[in-house]
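To start, the structure itself, in C-alpha cells.
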Amino acid sequence: MTTILWHTADWHTNKKTGVRVPVKTMEELDETRASPFQRFLWRSLLDQADTVAELAKGTKAEIWTVFGGDMIEADIKDRQVPMHSRKMKTIRDLFTDTAVPATKISRRLFMVRGTQAHVGDEEETIAADLNCEMHPDSKTYSAHQWLINCDGVRFHIQHHGKLGRLPWTRANALNQKAIRLMVHYQFQRRALPDIYIQAHNHTFATGDKANPILTIAAPGMSLPDDYSHRIDADLPDIGGLFFICEKGRIFDWDVMLYQPKGITEWSLERTQK
C-alpha cells in the first residue's frame with residue numbers, strides 16, 4: 001500500500017493573519033469575510049489539497065494528514081491579538097470549516113499540540129471532534145510528540161523546535177536536533193526515525209543531508225503580524241509538506257511553497273493617475 005503523508009501547520013485560524021474560509025457566519029448571525037491576504041492563504045491551502053489528492057490518485061495511495069500545531073488562535077493569555085471571535089465554539093467551527101479541504105481527502109488525521117498561549121486545550125477538543133487518531137501513550141487525540149509509522153517510514157513530529165533566524169544559521173539547530181535524536185533513540189536501543197519535522201517558526205529549512213535523520217522545519221499558513229515586524233523577521237514561508245511512502249521507502253517528498261505579492265511601490269506617478 002502507498003501512503004501520502006501531508007504535513008500542514010501553524011494555521012492560526014481565527015487570527016486575522018491566519019488562513020480561514022472566505023466567508024463565515026459567526027455568532028449573532030454576523031457574517032465575516034476574509035481579507036485579500038487571507039484569501040491568498042485559502043487558495044494556497046486548496047492548491048495543497050489538490051496537489052496531494054492528484055498524487056494520491058496517480059499512486060492509488062491513502063492520504064494521512066498531520067495537523068502540526070497552532071491550528072487555531074484563541075489568545076489564551078489575552079494579549080489583545082487581533083481575532084475574528086473570542087467565543088470558543090465559533091473558533092472551533094471556523095477551524096472545522098477551514099479544515100474541510102484536508103479532512104475530505106484524508107483517510108487518517110493526526111493532531112500535534114501547539115503553543116498553550118495560542119490554543120489552550122482546544123486542539124484536543126477539535127481533534128476529538130474530527131476523530132483524529134489516538135496517541136498510543138497518552139490515549140488522547142492530540143499530543144506534543146508523535147512517532148508515526150507510515151508504511152514503514154518512521155516520522156518523529158512535534159510542534160516546537162529551535163531554528164536560526166538568519167538563512168545561513170537555520171540548519172544549525174536542525175543538525176543539533178538530529179544528534180540529540182540519535183542519542184535519545186540509541187540510548188533507548190530503538191531504531192532511529194527516518195524523518196523529523198518541527199513547525200512553530202513558520203519557516204522552511206532542512207538539516208544537512210549527511211545526517212541519518214532528515215530534519216525539517218515546516219512552513220506555516222499564517223502571514224506576518226505585529227511581532228514579526230517588531231523583531232524584523234524575514235517573511236514567513238507559506239505552504240506544507242508531502243511524503244510518498246511505500247514499504248519503508250520514501251519515493252518522493254517535497255515542500256509546497258506559495259509566494260504572496262510583495263510590497264507595492266509608491267511613486268509620484270502612481271499618485272497622479
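Order determines the names: the first chain of the C-alpha cells is A, the second B, and so forth; residues in each chain are numbered 1 upward, and ligands are numbered 1 upward as they are shown.
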
Please list as a short mmCIF file (atom, residue, chain, number, x, y, z; two decimals) with N, CA and C atoms, in the first residue's frame every residue within 12 Å of A:Asp93, counting only C-alpha atoms and excluding residues in the same chain fewer than 4 positions away.
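File part16.cif, as written:
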```cif
data_model
loop_
_atom_site.label_atom_id
_atom_site.label_comp_id
_atom_site.auth_asym_id
_atom_site.auth_seq_id
_atom_site.Cartn_x
_atom_site.Cartn_y
_atom_site.Cartn_z
N THR A 13 -5.91 29.82 12.65
CA THR A 13 -7.27 30.18 12.23
C THR A 13 -7.99 30.93 13.35
N ASN A 14 -8.62 32.00 13.00
CA ASN A 14 -9.30 32.97 13.86
C ASN A 14 -8.45 34.22 14.07
N ARG A 20 -8.24 30.95 6.66
CA ARG A 20 -9.64 30.71 7.02
C ARG A 20 -10.47 30.66 5.76
N VAL A 21 -11.70 30.14 5.89
CA VAL A 21 -12.63 30.14 4.76
C VAL A 21 -12.96 31.58 4.38
N LYS A 24 -17.81 33.40 6.49
CA LYS A 24 -18.27 32.60 7.61
C LYS A 24 -19.30 33.38 8.41
N THR A 25 -20.43 32.74 8.73
CA THR A 25 -21.42 33.33 9.63
C THR A 25 -21.00 33.03 11.06
N MET A 26 -20.77 34.08 11.82
CA MET A 26 -20.27 33.95 13.19
C MET A 26 -21.44 34.03 14.17
N GLU A 27 -21.16 34.35 15.44
CA GLU A 27 -22.23 34.49 16.42
C GLU A 27 -23.12 35.69 16.08
N ILE A 72 -5.32 26.85 15.63
CA ILE A 72 -6.26 27.94 15.88
C ILE A 72 -5.56 29.04 16.65
N SER A 85 -13.09 36.28 16.56
CA SER A 85 -14.04 35.99 17.64
C SER A 85 -13.27 35.54 18.87
N LYS A 87 -15.18 33.66 21.16
CA LYS A 87 -16.03 32.56 21.62
C LYS A 87 -15.47 31.25 21.09
N MET A 88 -15.19 30.31 22.00
CA MET A 88 -14.50 29.09 21.61
C MET A 88 -15.31 28.26 20.62
N LYS A 89 -16.61 28.21 20.77
CA LYS A 89 -17.40 27.43 19.82
C LYS A 89 -17.27 28.00 18.41
N ASP A 97 -14.55 24.33 9.44
CA ASP A 97 -14.89 24.70 8.06
C ASP A 97 -13.62 24.88 7.22
N THR A 98 -12.61 25.51 7.82
CA THR A 98 -11.37 25.74 7.09
C THR A 98 -10.64 24.44 6.79
N ALA A 99 -10.82 23.45 7.66
CA ALA A 99 -10.10 22.17 7.51
C ALA A 99 -10.74 21.23 6.51
N VAL A 100 -11.89 21.57 5.95
CA VAL A 100 -12.60 20.67 5.03
C VAL A 100 -11.72 20.19 3.87
N GLU A 122 -7.75 23.57 23.34
CA GLU A 122 -8.79 23.39 22.32
C GLU A 122 -8.39 22.43 21.21
N THR A 125 -9.94 19.14 21.93
CA THR A 125 -11.38 19.12 21.63
C THR A 125 -11.62 19.01 20.14
N ILE A 126 -10.89 19.81 19.37
CA ILE A 126 -11.04 19.77 17.91
C ILE A 126 -10.64 18.41 17.36
N ASP A 129 -13.34 15.94 17.95
CA ASP A 129 -14.47 16.19 17.05
C ASP A 129 -14.19 15.67 15.64
N LEU A 130 -12.93 15.78 15.20
CA LEU A 130 -12.55 15.34 13.85
C LEU A 130 -12.22 13.85 13.80
#
```

Inset, instruction - Could you give me, as a list in words, the residues within 10 Å of A:Leu174, counting only C-alpha atoms and dropping anything in the same chain fewer than 6 positions from it? - result: Gly161, Lys162, Leu163, Gly164, Arg180, Tyr196, Ile197, Gln198, Ala205, Thr206, Gly207, Asp208, Asn211, Leu214, Thr215, Ile216 and Ala217 of chain A

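Taking atom CA of A:Ala9 as the reference point, atom CA of A:Ile213 is found at 20.7 Å.
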
Legend entry - Non-local contacts of A:Met83 (10 Å; only C-alpha atoms; under 5 positions in same chain excluded) as an NGL selection string: :A and (12-18 or 73-75 or 91)

Selection above as a file: N, CA and C atoms, as a CSV table (one decimal), in the first residue's frame:
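Output file again33.csv follows:
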```csv
chain,number,residue,atom,x,y,z
A,12,HIS,N,-3.2,29.1,12.6
A,12,HIS,CA,-3.7,30.3,13.5
A,12,HIS,C,-5.1,30.8,13.0
A,13,THR,N,-5.9,29.8,12.7
A,13,THR,CA,-7.3,30.2,12.2
A,13,THR,C,-8.0,30.9,13.3
A,14,ASN,N,-8.6,32.0,13.0
A,14,ASN,CA,-9.3,33.0,13.9
A,14,ASN,C,-8.5,34.2,14.1
A,15,LYS,N,-7.1,34.1,13.9
A,15,LYS,CA,-6.3,35.3,13.9
A,15,LYS,C,-6.4,36.0,12.6
A,16,LYS,N,-6.4,37.3,12.5
A,16,LYS,CA,-6.7,38.0,11.3
A,16,LYS,C,-5.5,37.9,10.3
A,17,THR,N,-4.5,37.2,10.6
A,17,THR,CA,-3.4,36.9,9.7
A,17,THR,C,-3.3,35.5,9.3
A,18,GLY,N,-4.3,34.6,9.8
A,18,GLY,CA,-4.2,33.2,9.6
A,18,GLY,C,-5.2,32.8,8.5
A,73,GLU,N,-6.2,30.2,16.8
A,73,GLU,CA,-5.8,31.3,17.6
A,73,GLU,C,-6.9,31.6,18.6
A,74,ALA,N,-6.6,31.4,19.9
A,74,ALA,CA,-7.6,31.7,20.9
A,74,ALA,C,-7.0,32.8,21.9
A,75,ASP,N,-5.7,33.1,21.8
A,75,ASP,CA,-5.1,34.2,22.6
A,75,ASP,C,-5.4,34.0,24.1
A,91,ILE,N,-14.7,29.7,17.3
A,91,ILE,CA,-13.4,29.5,16.8
A,91,ILE,C,-13.3,28.0,16.3
```

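From atom CA of A:His159 back to atom CA of A:Glu133, the distance works out to 16.8 Å.
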